[in-house]
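Participant: Next up, model-v7.txt (compact mmCIF, C-alpha atoms).
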# COMPACT_ATOMS: atom_id res chain seq x y z
CA MET A 1 109.77 143.65 94.32
CA GLU A 2 107.98 141.24 96.68
CA PRO A 3 110.12 138.27 97.83
CA GLN A 4 107.72 135.80 96.19
CA ALA A 5 107.94 137.60 92.85
CA ILE A 6 111.77 137.65 92.96
CA ILE A 7 111.83 133.90 93.61
CA ALA A 8 109.23 133.05 90.96
CA ARG A 9 110.88 135.24 88.29
CA ARG A 10 114.32 133.78 88.91
CA ILE A 11 113.04 130.19 88.76
CA ALA A 12 111.06 130.89 85.57
CA ARG A 13 114.43 131.37 83.82
CA GLU A 14 115.20 127.69 84.45
CA LEU A 15 112.21 126.59 82.35
CA LYS A 16 112.99 125.77 78.71
CA SER A 17 110.66 124.96 75.83
CA GLY A 18 109.49 121.35 75.72
CA MET A 19 110.09 120.59 79.40
CA LEU A 20 107.57 118.62 81.47
CA VAL A 21 107.26 120.58 84.73
CA ASN A 22 105.29 120.06 87.96
CA LEU A 23 104.75 123.09 90.19
CA GLY A 24 103.87 122.71 93.87
CA ILE A 25 101.46 124.95 95.74
CA GLY A 26 102.40 128.42 97.04
CA ILE A 27 105.34 130.29 95.53
CA PRO A 28 106.00 127.51 92.95
CA THR A 29 102.57 128.11 91.38
CA LEU A 30 103.61 131.73 90.68
CA VAL A 31 106.46 130.54 88.44
CA ALA A 32 103.97 129.87 85.62
CA ASN A 33 103.11 133.60 85.51
CA HIS A 34 106.73 134.55 84.70
CA VAL A 35 107.51 132.19 81.82
CA SER A 36 108.54 134.23 78.75
CA ALA A 37 106.24 134.37 75.75
CA GLY A 38 107.35 131.80 73.19
CA VAL A 39 108.58 129.34 75.81
CA HIS A 40 106.26 126.33 75.60
CA ILE A 41 106.13 124.27 78.80
CA PHE A 42 104.11 121.12 79.48
CA PHE A 43 102.78 121.75 83.00
CA GLN A 44 101.65 118.62 84.84
CA SER A 45 98.99 118.49 87.56
CA GLU A 46 99.51 115.23 89.43
CA ASN A 47 95.78 114.55 89.58
CA GLY A 48 96.07 113.54 85.94
CA LEU A 49 96.69 116.38 83.49
CA ILE A 50 99.49 117.58 81.22
CA GLY A 51 98.83 120.93 79.58
CA THR A 52 97.43 122.68 82.62
CA GLY A 53 96.40 126.23 81.73
CA ALA A 54 95.33 129.33 83.65
CA PRO A 55 92.08 129.39 85.66
CA PRO A 56 89.03 129.65 83.37
CA GLU A 57 87.09 132.83 82.84
CA GLU A 58 84.10 133.46 85.07
CA GLY A 59 81.34 130.96 84.33
CA MET A 60 83.57 128.66 82.25
CA ALA A 61 84.78 126.29 84.99
CA HIS A 62 84.33 122.56 84.38
CA PRO A 63 83.78 120.49 87.56
CA MET A 64 85.95 117.69 86.14
CA LEU A 65 88.89 119.85 85.04
CA THR A 66 90.86 120.81 88.11
CA ASP A 67 94.39 121.09 89.46
CA ALA A 68 95.87 119.09 92.32
CA GLY A 69 94.27 121.49 94.81
CA GLY A 70 90.83 120.85 93.29
CA ARG A 71 90.66 124.34 91.74
CA PRO A 72 89.24 124.78 88.22
CA VAL A 73 91.85 125.14 85.47
CA THR A 74 91.87 125.13 81.68
CA ALA A 75 93.54 122.61 79.38
CA LEU A 76 95.86 124.05 76.72
CA PRO A 77 95.88 122.76 73.13
CA GLY A 78 97.80 119.47 73.13
CA ALA A 79 96.75 118.63 76.70
CA SER A 80 96.33 115.04 77.84
CA THR A 81 94.60 113.37 80.78
CA PHE A 82 95.42 110.07 82.47
CA ASP A 83 94.95 108.10 85.68
CA SER A 84 97.00 108.48 88.87
CA ALA A 85 99.21 105.45 88.16
CA THR A 86 100.33 107.03 84.88
CA SER A 87 100.70 110.40 86.58
CA PHE A 88 103.14 109.03 89.17
CA GLY A 89 104.83 106.86 86.57
CA LEU A 90 105.67 110.13 84.82
CA ILE A 91 107.01 111.53 88.11
CA ARG A 92 109.07 108.55 89.29
CA GLY A 93 109.96 107.07 85.93
CA GLY A 94 112.41 109.73 84.74
CA HIS A 95 109.89 111.56 82.51
CA LEU A 96 109.43 114.69 84.63
CA ASP A 97 112.15 117.20 83.75
CA LEU A 98 111.64 119.54 86.68
CA THR A 99 109.62 120.03 89.82
CA VAL A 100 109.48 123.27 91.80
CA LEU A 101 108.44 122.83 95.41
CA GLY A 102 108.07 124.91 98.55
CA GLY A 103 109.95 124.03 101.72
CA LEU A 104 110.02 124.37 105.48
CA GLN A 105 113.77 123.62 105.79
CA VAL A 106 116.69 122.41 103.71
CA ASP A 107 120.03 121.18 105.05
CA GLN A 108 123.50 121.96 103.71
CA GLN A 109 123.54 118.79 101.63
CA GLY A 110 120.22 119.72 100.03
CA HIS A 111 117.87 117.44 101.97
CA LEU A 112 114.43 119.01 101.99
CA ALA A 113 111.82 118.96 104.75
CA ASN A 114 108.46 120.13 103.46
CA TRP A 115 105.71 117.73 104.50
CA MET A 116 105.11 117.83 108.25
CA ILE A 117 105.69 119.48 111.62
CA PRO A 118 105.25 116.69 114.21
CA HIS A 119 102.21 117.22 116.47
CA LYS A 120 101.43 120.53 114.74
CA MET A 121 100.91 120.18 111.02
CA VAL A 122 100.30 116.69 109.62
CA PRO A 123 98.61 117.23 106.26
CA GLY A 124 100.04 114.11 104.61
CA MET A 125 102.81 114.04 102.04
CA GLY A 126 100.51 113.85 99.00
CA GLY A 127 102.83 113.67 96.00
CA ALA A 128 105.79 115.51 97.59
CA MET A 129 107.93 112.45 98.39
CA ASP A 130 107.50 111.00 94.90
CA LEU A 131 108.27 114.36 93.27
CA VAL A 132 111.49 114.96 95.23
CA THR A 133 112.62 111.35 94.81
CA GLY A 134 111.70 110.96 91.16
CA ALA A 135 111.97 114.23 89.21
CA LYS A 136 115.07 114.71 87.04
CA ARG A 137 115.65 118.13 88.62
CA VAL A 138 114.26 119.56 91.87
CA ILE A 139 114.21 123.30 92.60
CA LEU A 140 113.25 124.58 96.02
CA ALA A 141 111.33 127.88 96.09
CA MET A 142 111.08 129.45 99.53
CA GLN A 143 111.73 132.60 101.51
CA HIS A 144 115.20 132.60 103.03
CA THR A 145 114.03 132.79 106.65
CA ALA A 146 110.81 132.24 108.62
CA LYS A 147 110.14 135.18 110.96
CA GLY A 148 113.90 135.78 111.08
CA ALA A 149 114.80 132.15 111.84
CA PRO A 150 117.02 130.41 109.26
CA LYS A 151 115.44 127.73 107.05
CA ILE A 152 118.71 126.72 105.37
CA MET A 153 120.17 124.64 108.18
CA LYS A 154 123.19 122.52 109.03
CA LYS A 155 120.72 119.68 109.64
CA CYS A 156 116.91 119.71 109.33
CA SER A 157 115.09 119.52 112.65
CA LEU A 158 111.93 118.38 110.81
CA PRO A 159 111.48 114.97 109.11
CA VAL A 160 112.93 115.07 105.60
CA THR A 161 110.87 114.41 102.47
CA SER A 162 113.49 112.34 100.66
CA LEU A 163 117.16 111.37 100.88
CA ARG A 164 117.52 112.69 97.32
CA PRO A 165 118.88 116.26 97.65
CA VAL A 166 117.34 119.20 95.82
CA ASP A 167 119.46 120.59 93.00
CA LEU A 168 118.86 124.28 93.53
CA ALA A 169 117.32 126.53 96.18
CA VAL A 170 116.08 129.96 95.17
CA THR A 171 115.18 132.53 97.83
CA GLU A 172 114.72 136.31 97.68
CA LEU A 173 118.31 136.61 98.97
CA ALA A 174 120.22 133.89 97.15
CA VAL A 175 120.50 131.11 94.60
CA ILE A 176 122.23 128.10 96.16
CA THR A 177 123.25 124.88 94.42
CA PHE A 178 123.70 121.53 96.16
CA SER A 179 125.00 119.71 93.11
CA ASN A 180 128.39 118.76 94.60
CA GLY A 181 126.94 117.73 97.97
CA ARG A 182 127.67 121.10 99.58
CA ALA A 183 125.63 124.29 99.69
CA THR A 184 127.34 126.67 97.28
CA LEU A 185 126.24 130.28 96.79
CA LEU A 186 125.70 130.90 93.07
CA GLU A 187 123.96 134.28 92.98
CA THR A 188 122.89 137.02 95.37
CA GLY A 189 119.36 138.39 95.45
CA PRO A 190 118.59 141.97 94.33
CA GLY A 191 120.50 144.30 96.68
CA ALA A 192 121.58 141.48 99.04
CA SER A 193 125.21 141.34 100.22
CA VAL A 194 127.10 138.10 100.78
CA ALA A 195 127.49 139.03 104.48
CA GLU A 196 123.71 139.47 104.78
CA ILE A 197 123.10 136.06 103.17
CA VAL A 198 125.62 134.34 105.45
CA ALA A 199 124.01 135.94 108.52
CA ALA A 200 120.56 134.63 107.47
CA THR A 201 121.86 131.10 106.78
CA GLU A 202 122.70 128.47 109.38
CA ALA A 203 124.24 126.04 106.86
CA GLU A 204 127.90 126.36 105.97
CA LEU A 205 127.95 128.07 102.59
CA VAL A 206 130.71 127.64 100.07
CA ILE A 207 131.31 131.14 98.70
CA PRO A 208 133.17 131.51 95.40
CA ASN A 209 135.33 134.61 94.84
CA GLU A 210 132.86 136.10 92.41
CA VAL A 211 129.14 135.87 93.16
CA PRO A 212 126.97 137.69 90.61
CA GLU A 213 123.59 139.26 91.43
CA MET A 214 120.65 137.27 90.05
CA SER A 215 119.36 138.71 86.79
CA LEU A 216 115.58 138.95 86.60
CA MET B 1 77.17 92.96 85.46
CA GLN B 2 73.90 93.76 87.13
CA THR B 3 72.01 97.02 87.24
CA VAL B 4 70.85 98.03 90.71
CA SER B 5 69.05 100.93 92.33
CA LEU B 6 71.06 103.42 94.35
CA GLU B 7 69.52 102.01 97.53
CA GLN B 8 70.43 98.42 96.60
CA SER B 9 73.98 99.38 95.69
CA VAL B 10 74.70 100.64 99.20
CA ALA B 11 72.57 98.06 101.05
CA MET B 12 75.07 95.35 100.03
CA ILE B 13 77.92 97.12 101.86
CA PRO B 14 78.10 95.85 105.47
CA ASP B 15 79.25 97.92 108.44
CA GLY B 16 83.01 97.56 108.86
CA ALA B 17 83.67 96.99 105.14
CA SER B 18 86.84 98.20 103.42
CA VAL B 19 85.95 100.55 100.59
CA MET B 20 88.15 102.02 97.87
CA ILE B 21 86.68 105.27 96.58
CA GLY B 22 87.70 107.07 93.38
CA GLY B 23 88.28 110.81 93.32
CA PHE B 24 90.84 113.52 93.94
CA MET B 25 89.64 116.29 96.23
CA ALA B 26 86.11 114.93 95.52
CA VAL B 27 86.55 115.40 91.75
CA GLY B 28 85.61 112.01 90.31
CA THR B 29 84.05 110.75 93.54
CA PRO B 30 80.68 108.94 93.14
CA GLU B 31 78.82 111.57 95.15
CA ARG B 32 75.39 109.87 94.85
CA ILE B 33 76.74 106.69 96.47
CA ILE B 34 78.42 108.72 99.25
CA ASP B 35 75.11 110.46 100.02
CA GLU B 36 73.33 107.09 100.12
CA ILE B 37 75.95 105.67 102.55
CA LEU B 38 75.13 108.61 104.82
CA ARG B 39 71.40 107.98 104.46
CA GLN B 40 71.79 104.27 105.28
CA ASN B 41 74.23 105.14 108.08
CA LYS B 42 76.88 102.53 107.19
CA ARG B 43 79.48 102.56 109.98
CA ASP B 44 83.07 101.61 110.89
CA LEU B 45 84.20 101.81 107.27
CA ILE B 46 87.83 101.52 106.21
CA VAL B 47 88.28 104.00 103.38
CA ILE B 48 91.15 103.74 100.88
CA ALA B 49 91.37 106.79 98.63
CA ASN B 50 93.68 109.58 97.55
CA ASP B 51 92.48 112.07 100.18
CA THR B 52 89.59 112.91 102.52
CA ALA B 53 88.56 115.94 100.40
CA ALA B 54 87.08 118.84 102.40
CA PRO B 55 84.15 118.93 104.82
CA GLY B 56 80.86 118.73 102.89
CA HIS B 57 82.49 117.18 99.80
CA GLY B 58 82.87 113.52 98.83
CA ILE B 59 84.69 111.47 101.45
CA GLY B 60 84.69 114.54 103.70
CA LYS B 61 80.97 113.91 104.31
CA LEU B 62 81.69 110.39 105.59
CA VAL B 63 84.39 111.69 107.94
CA THR B 64 82.19 114.45 109.34
CA ALA B 65 79.37 111.92 109.96
CA LYS B 66 81.91 109.71 111.85
CA LEU B 67 81.17 106.69 109.64
CA VAL B 68 84.85 105.95 109.09
CA ARG B 69 87.10 103.95 111.42
CA LYS B 70 90.29 104.14 109.37
CA VAL B 71 91.54 105.92 106.26
CA ILE B 72 94.50 104.97 104.07
CA VAL B 73 95.20 108.15 102.08
CA SER B 74 98.00 110.43 100.85
CA HIS B 75 96.60 113.77 101.99
CA ILE B 76 94.29 115.13 104.69
CA GLY B 77 95.55 118.73 104.67
CA LEU B 78 92.37 120.27 103.28
CA ASN B 79 90.09 118.52 105.76
CA PRO B 80 90.54 119.91 109.29
CA GLU B 81 87.89 117.48 110.58
CA THR B 82 90.03 114.47 109.57
CA GLN B 83 92.98 116.02 111.40
CA ARG B 84 90.84 116.75 114.46
CA GLN B 85 89.51 113.16 114.65
CA MET B 86 93.05 111.81 114.11
CA MET B 87 94.47 113.95 116.95
CA ALA B 88 91.53 112.91 119.18
CA GLY B 89 92.36 109.25 118.47
CA VAL B 90 88.92 108.35 117.10
CA LEU B 91 90.04 107.99 113.45
CA GLU B 92 93.04 105.93 112.43
CA VAL B 93 94.96 107.60 109.59
CA GLU B 94 97.60 105.80 107.53
CA LEU B 95 99.41 108.32 105.34
CA VAL B 96 100.98 106.89 102.18
CA PRO B 97 102.89 108.79 99.48
CA GLN B 98 100.49 109.27 96.58
CA GLY B 99 102.57 107.43 94.00
CA THR B 100 103.09 104.53 96.40
CA LEU B 101 99.39 104.41 97.28
CA ILE B 102 98.21 104.19 93.69
CA GLU B 103 100.85 101.53 92.89
CA ARG B 104 99.87 99.45 95.96
CA ILE B 105 96.28 99.53 94.71
CA ARG B 106 97.36 98.76 91.16
CA ALA B 107 99.41 95.80 92.45
CA GLY B 108 96.35 94.55 94.34
CA GLY B 109 94.27 94.67 91.19
CA TYR B 110 96.91 93.18 88.91
CA GLY B 111 97.71 90.07 90.92
CA LEU B 112 101.01 91.31 92.35
CA GLY B 113 102.12 91.00 95.97
CA GLY B 114 103.59 94.47 96.13
CA ILE B 115 105.93 96.94 94.48
CA LEU B 116 109.45 98.29 95.00
CA THR B 117 109.90 102.06 95.17
CA GLN B 118 112.62 104.48 96.24
CA THR B 119 109.99 106.90 97.54
CA GLY B 120 110.00 107.12 101.33
CA ILE B 121 113.51 105.75 101.96
CA GLY B 122 115.11 107.54 104.91
CA THR B 123 111.79 109.06 106.01
CA PRO B 124 109.20 107.94 108.59
CA VAL B 125 107.46 106.10 105.71
CA GLU B 126 110.24 103.48 105.86
CA ASN B 127 109.44 102.41 109.44
CA GLY B 128 108.73 98.68 109.67
CA LYS B 129 109.34 98.05 105.97
CA GLN B 130 111.85 95.88 104.22
CA ARG B 131 114.62 97.43 102.08
CA ILE B 132 115.56 95.48 98.97
CA GLU B 133 118.59 96.23 96.83
CA ILE B 134 118.29 95.85 93.06
CA ASN B 135 121.30 96.61 90.83
CA GLY B 136 122.91 98.62 93.62
CA LYS B 137 119.87 100.80 94.34
CA ALA B 138 117.80 100.57 97.53
CA TYR B 139 114.02 100.23 97.31
CA LEU B 140 111.21 99.85 99.83
CA LEU B 141 108.91 96.86 99.59
CA GLU B 142 105.37 98.22 99.64
CA VAL B 143 102.67 95.56 99.81
CA ALA B 144 99.56 95.37 97.63
CA LEU B 145 96.20 96.78 98.73
CA ARG B 146 92.76 95.36 98.01
CA ALA B 147 89.31 96.13 99.38
CA ASP B 148 85.90 94.55 99.78
CA PHE B 149 84.28 97.21 97.58
CA ALA B 150 85.33 99.76 94.98
CA LEU B 151 83.07 102.78 94.50
CA VAL B 152 83.82 104.11 91.04
CA HIS B 153 82.72 107.25 89.25
CA ALA B 154 82.67 107.13 85.44
CA PHE B 155 81.60 109.68 82.84
CA LEU B 156 80.15 107.10 80.46
CA SER B 157 79.01 103.54 81.00
CA ASP B 158 77.35 101.48 78.30
CA TYR B 159 74.59 98.99 79.18
CA LEU B 160 77.23 96.26 79.66
CA GLY B 161 79.39 98.31 82.05
CA ASN B 162 82.20 99.37 79.72
CA LEU B 163 83.51 102.60 81.25
CA SER B 164 85.22 105.78 80.16
CA TYR B 165 86.18 108.75 82.27
CA ALA B 166 86.33 112.54 81.86
CA LEU B 167 89.34 114.84 82.20
CA THR B 168 90.76 114.93 85.73
CA ALA B 169 87.84 112.90 87.16
CA ARG B 170 89.67 109.76 86.04
CA ASN B 171 92.43 109.80 88.74
CA PHE B 172 92.08 106.72 91.02
CA ASN B 173 88.87 105.37 89.42
CA PRO B 174 90.15 102.88 86.80
CA VAL B 175 92.79 101.63 89.26
CA VAL B 176 90.43 100.96 92.20
CA ALA B 177 88.00 99.31 89.75
CA MET B 178 90.56 96.48 89.41
CA ALA B 179 91.37 96.04 93.10
CA ALA B 180 88.14 95.17 94.94
CA ASN B 181 86.02 92.06 95.35
CA THR B 182 82.85 93.95 94.39
CA VAL B 183 82.89 96.92 92.01
CA ILE B 184 79.99 99.40 92.09
CA VAL B 185 79.83 102.13 89.43
CA ASP B 186 78.02 105.44 89.35
CA ALA B 187 78.14 106.83 85.80
CA ASP B 188 77.10 110.34 84.77
CA ASN B 189 75.74 108.95 81.51
CA ILE B 190 74.45 105.46 80.70
CA VAL B 191 74.55 104.88 76.96
CA PRO B 192 73.68 102.07 74.53
CA VAL B 193 76.26 99.45 73.68
CA GLY B 194 78.22 100.68 70.67
CA VAL B 195 78.37 104.34 71.68
CA LEU B 196 81.75 103.68 73.31
CA ALA B 197 84.26 102.60 70.69
CA PRO B 198 86.46 99.69 71.83
CA ASP B 199 89.53 101.95 71.79
CA HIS B 200 87.82 104.41 74.15
CA VAL B 201 86.87 101.88 76.82
CA VAL B 202 89.22 102.37 79.80
CA THR B 203 87.64 99.86 82.19
CA PRO B 204 86.30 96.74 80.44
CA ALA B 205 82.79 95.59 81.36
CA PRO B 206 83.66 92.24 82.98
CA VAL B 207 85.43 94.15 85.80
CA VAL B 208 82.18 95.88 86.82
CA ASP B 209 79.78 94.03 89.13
CA TYR B 210 77.02 96.61 89.64
CA LEU B 211 75.95 99.70 87.74
CA VAL B 212 73.74 102.13 89.65
CA ALA B 213 70.63 102.85 87.57
CA ASN B 214 69.44 106.37 86.83
CA SER B 215 66.90 107.49 89.40
Could you take the file, read its structure, and then write that structure out as structure tokens?

Facilitator:
Amino acid sequence: MEPQAIIARRIARELKSGMLVNLGIGIPTLVANHVSAGVHIFFQSENGLIGTGAPPEEGMAHPMLTDAGGRPVTALPGASTFDSATSFGLIRGGHLDLTVLGGLQVDQQGHLANWMIPHKMVPGMGGAMDLVTGAKRVILAMQHTAKGAPKIMKKCSLPVTSLRPVDLAVTELAVITFSNGRATLLETGPGASVAEIVAATEAELVIPNEVPEMSL
Amino acid sequence: MQTVSLEQSVAMIPDGASVMIGGFMAVGTPERIIDEILRQNKRDLIVIANDTAAPGHGIGKLVTAKLVRKVIVSHIGLNPETQRQMMAGVLEVELVPQGTLIERIRAGGYGLGGILTQTGIGTPVENGKQRIEINGKAYLLEVALRADFALVHAFLSDYLGNLSYALTARNFNPVVAMAANTVIVDADNIVPVGVLAPDHVVTPAPVVDYLVANS
């Protein structure tokens, strides 16, 4: 299985019926494709939509019904639309159950860096800082390393997105929780050994005696 | 509220004006007014908006034509021209977290001096800002934003200027409509008074200064 598919499938298991969920761009967007039938999720697009559905069929796009990347989407039955103040009130105000975001780095306390590389990539933070700071639960979806270099670090070398730590990081090699302030290995990826995970991780990992393989 | 031609609506905007513009990746941006700003070659604008869209779309057209001196936005990642002008030092870019940006504008329109938010604490966004502790939690003081003009896109306007919006084209529009000295509206549909039920009016007519007439 492709690394992105492993990550998206594992995270989809965290989504429960009735949750309000915001998915970032990249791997997080794929999570929506792996939600089990019968699980009803309210997906939010921060440009002002709850009930975001799949892209429309050819010829059915509406120029005023888009996701946060400006791409055409559909609105599911029960959808609602609102202005940007309401949208970020939902995000910061304790109404958003879960956000899934991509990342450039995360440190061993769970601090995420995902919005800029000084002098190289300065796209603007968009909604990322509000999402990490305000969502009830934050899950990081990213590949474990970038061209072999670790992304789970002792300390981020890039500017962080928020002082609020992420709750969970899911990579193709591991599921790691930060809930007690330390990076703790919860599950191994398909076929990955603990030694392999440790070698690909710069952060100090707490490793329990028993670490199950993630079930997909 | 006064009805004006497209040409008149832009003629009243002087070079160097600060302009809040509705839209999110050009969805809900008053595209007709943008095109007229290009035609009248209004310069040195300060643009306050969610993003600079992409080249050839909405605010992206103003950036490409080098009519903008400064932008206050949350995202420029889909407009390489904005990034190029920023790196070259010809365009000043103030990046603001999206939720903070919309609340600063809302504060400006609602008579508030600013807002307190936890977003940005411990990041470069905090630089130069005051931290205020409330009930043991730290917040950043983010000051209100207003502008000389708001350029608003609505789906429906009645003859009086009562506005309603469509789907995700609402975004920043009703918020910027409250936060500028002069509010100019481009509506997709102008309808008789009474078509919009009172409960469906999002922006009340007295807020609107000018409605651009159909051409």

Participant: Quick one: of B:Val208, B:Val73, B:Val183, B:Ala150, who's nearest to Gly99 of chain B, counting only C-alpha atoms?

Facilitator: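 Result for the nearest residue to Gly99 of chain B: B:Val73.
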
Participant: Give as a compact mmCIF listing (two decimals) with C-alpha atoms, in the coordinates of the input every residue of chain A that touches chain B within 10 Å, counting all atoms listed in the file.

Facilitator:
# COMPACT_ATOMS: atom_id res chain seq x y z
CA SER A 45 98.99 118.49 87.56
CA GLU A 46 99.51 115.23 89.43
CA ASN A 47 95.78 114.55 89.58
CA GLY A 48 96.07 113.54 85.94
CA LEU A 49 96.69 116.38 83.49
CA HIS A 62 84.33 122.56 84.38
CA PRO A 63 83.78 120.49 87.56
CA MET A 64 85.95 117.69 86.14
CA LEU A 65 88.89 119.85 85.04
CA THR A 66 90.86 120.81 88.11
CA ASP A 67 94.39 121.09 89.46
CA ALA A 68 95.87 119.09 92.32
CA GLY A 69 94.27 121.49 94.81
CA GLY A 70 90.83 120.85 93.29
CA ARG A 71 90.66 124.34 91.74
CA ALA A 75 93.54 122.61 79.38
CA ALA A 79 96.75 118.63 76.70
CA SER A 80 96.33 115.04 77.84
CA THR A 81 94.60 113.37 80.78
CA PHE A 82 95.42 110.07 82.47
CA ASP A 83 94.95 108.10 85.68
CA SER A 84 97.00 108.48 88.87
CA ALA A 85 99.21 105.45 88.16
CA THR A 86 100.33 107.03 84.88
CA SER A 87 100.70 110.40 86.58
CA PHE A 88 103.14 109.03 89.17
CA GLY A 89 104.83 106.86 86.57
CA ILE A 91 107.01 111.53 88.11
CA ARG A 92 109.07 108.55 89.29
CA ALA A 113 111.82 118.96 104.75
CA HIS A 119 102.21 117.22 116.47
CA LYS A 120 101.43 120.53 114.74
CA MET A 121 100.91 120.18 111.02
CA VAL A 122 100.30 116.69 109.62
CA PRO A 123 98.61 117.23 106.26
CA GLY A 124 100.04 114.11 104.61
CA MET A 125 102.81 114.04 102.04
CA GLY A 126 100.51 113.85 99.00
CA GLY A 127 102.83 113.67 96.00
CA ALA A 128 105.79 115.51 97.59
CA MET A 129 107.93 112.45 98.39
CA ASP A 130 107.50 111.00 94.90
CA LEU A 131 108.27 114.36 93.27
CA VAL A 132 111.49 114.96 95.23
CA THR A 133 112.62 111.35 94.81
CA GLY A 134 111.70 110.96 91.16
CA PRO A 159 111.48 114.97 109.11
CA VAL A 160 112.93 115.07 105.60
CA THR A 161 110.87 114.41 102.47
CA SER A 162 113.49 112.34 100.66
CA LEU A 163 117.16 111.37 100.88
CA ARG A 164 117.52 112.69 97.32

Participant: Rank nothing, just name the residue among A:Ser36, A:Gln108, A:Asn180, A:Thr99 nearest to Lys136 of chain A, using all atoms listed in the file.

Facilitator: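 Going through A:Ser36, A:Gln108, A:Asn180, A:Thr99 one by one, the smallest distance to Lys136 of chain A is for A:Thr99.
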
Participant: Provide the atom CA of Val176 of chain B to atom CA of Val10 of chain B distance in Å, to one decimal place.

Facilitator: 17.2 Å

Participant: Excluding Lys61 of chain B and its own-chain neighbours fewer than 6 positions away, which residues fall within 9 Å of it when counting all atoms listed in the file? Please give them as a PyMOL selection string.

Facilitator: chain B and resi 34-35+38+52-55+67

Participant: Between atom CA of Pro55 of chain A and atom CA of Val21 of chain A, what is the distance, to one decimal in Å?

Facilitator: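 These two atoms are separated by 17.6 Å.
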
Participant: Please, what distance in Å, to one decimal, runs between atom CA of Leu15 of chain A and atom CA of Ser193 of chain A?

Facilitator: 26.6 Å

Participant: Which of these residues is nearest to His111 of chain A, using all atoms listed in the file: A:Ala203, A:Gly191, A:Gly38, A:Gly94?

Facilitator: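 Once distances to His111 of chain A are computed over all atoms listed in the file, the minimum belongs to A:Ala203.
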
Participant: Please provide as a short mmCIF file (atom, residue, chain, number, x, y, z; two decimals) with C-alpha atoms, in the frame of the given file all residues within 7 Å of Val152 of chain B, with the sequence filter that same-chain residues fewer than 3 positions apart are discarded (counting all atoms listed in the file).

Facilitator:
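part-v4.cif written:
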data_model
loop_
_atom_site.label_atom_id
_atom_site.label_comp_id
_atom_site.auth_asym_id
_atom_site.auth_seq_id
_atom_site.Cartn_x
_atom_site.Cartn_y
_atom_site.Cartn_z
CA ILE B 21 86.68 105.27 96.58
CA GLY B 22 87.70 107.07 93.38
CA PRO B 30 80.68 108.94 93.14
CA ASN B 173 88.87 105.37 89.42
CA ALA B 177 88.00 99.31 89.75
CA ILE B 184 79.99 99.40 92.09
CA VAL B 185 79.83 102.13 89.43
CA ASP B 186 78.02 105.44 89.35
#

Participant: At a cut-off of 10 Å, using all atoms listed in the file, what residues contact Lys155 of chain A? Leave out same-chain residues fewer than 6 positions from it and give the result as a list in words.

Facilitator: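 In the requested form, the answer reads Gln105, Val106, Asp107, Gln108, Gln109, Gly110, His111, Leu112, Glu202 and Ala203 of chain A.
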
Participant: For each of A:Leu216, A:Leu76, A:Ile50, A:Ile176, take the minimum atom-to-atom distance to Ala12 of chain A, counting only C-alpha atoms, then give the residue where this is smallest.

Facilitator: A:Leu216

Participant: I'd like the contact shell of Val138 of chain A - 6 Å cut-off, all atoms listed in the file, skipping same-chain residues fewer than 6 positions apart - returned as number ranges by chain.

Facilitator: A: 98-99, 166-167

Participant: From the options A:Leu104, A:Gly148, A:Glu172, A:His40, which residue's atoms come nearest to Ala8 of chain A, counting only C-alpha atoms?

Facilitator: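 Smallest distance to Ala8 of chain A is found for A:Glu172.
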
Participant: Quick one: residues within 8 Å of Ala187 of chain B, all atoms listed in the file counted, chain neighbours fewer than 2 positions away excluded, as a ChimeraX atom specification?

Facilitator: /B:153-157,185,189-190,211-212

Participant: Around (82.0, 103.7, 76.0) in the file's own coordinates, what residues are found within 6 Å if you use all atoms listed in the file, given back as JSON, numbers by chain?

Facilitator: {"B": [156, 157, 158, 162, 163, 164, 195, 196, 197, 201]}

Participant: List the residues sitting within 9 Å of (75.6, 89.4, 88.9) in the file's frame, using all atoms listed in the file, as a list in words.

Facilitator: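 The residues that fall inside the cut-off are Met1, Gln2, Thr3, Asp209 and Tyr210 of chain B.
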
Participant: Report, as JSON, the centre and edge lengths in Å (one decimal) of the axis-aligned box enclosing every listed atom of segment 78-93 of chain B, padded by 6 Å on each side.

Facilitator:
{"center_x": 91.4, "center_y": 113.1, "center_z": 111.2, "size_x": 19.1, "size_y": 26.3, "size_z": 27.9}
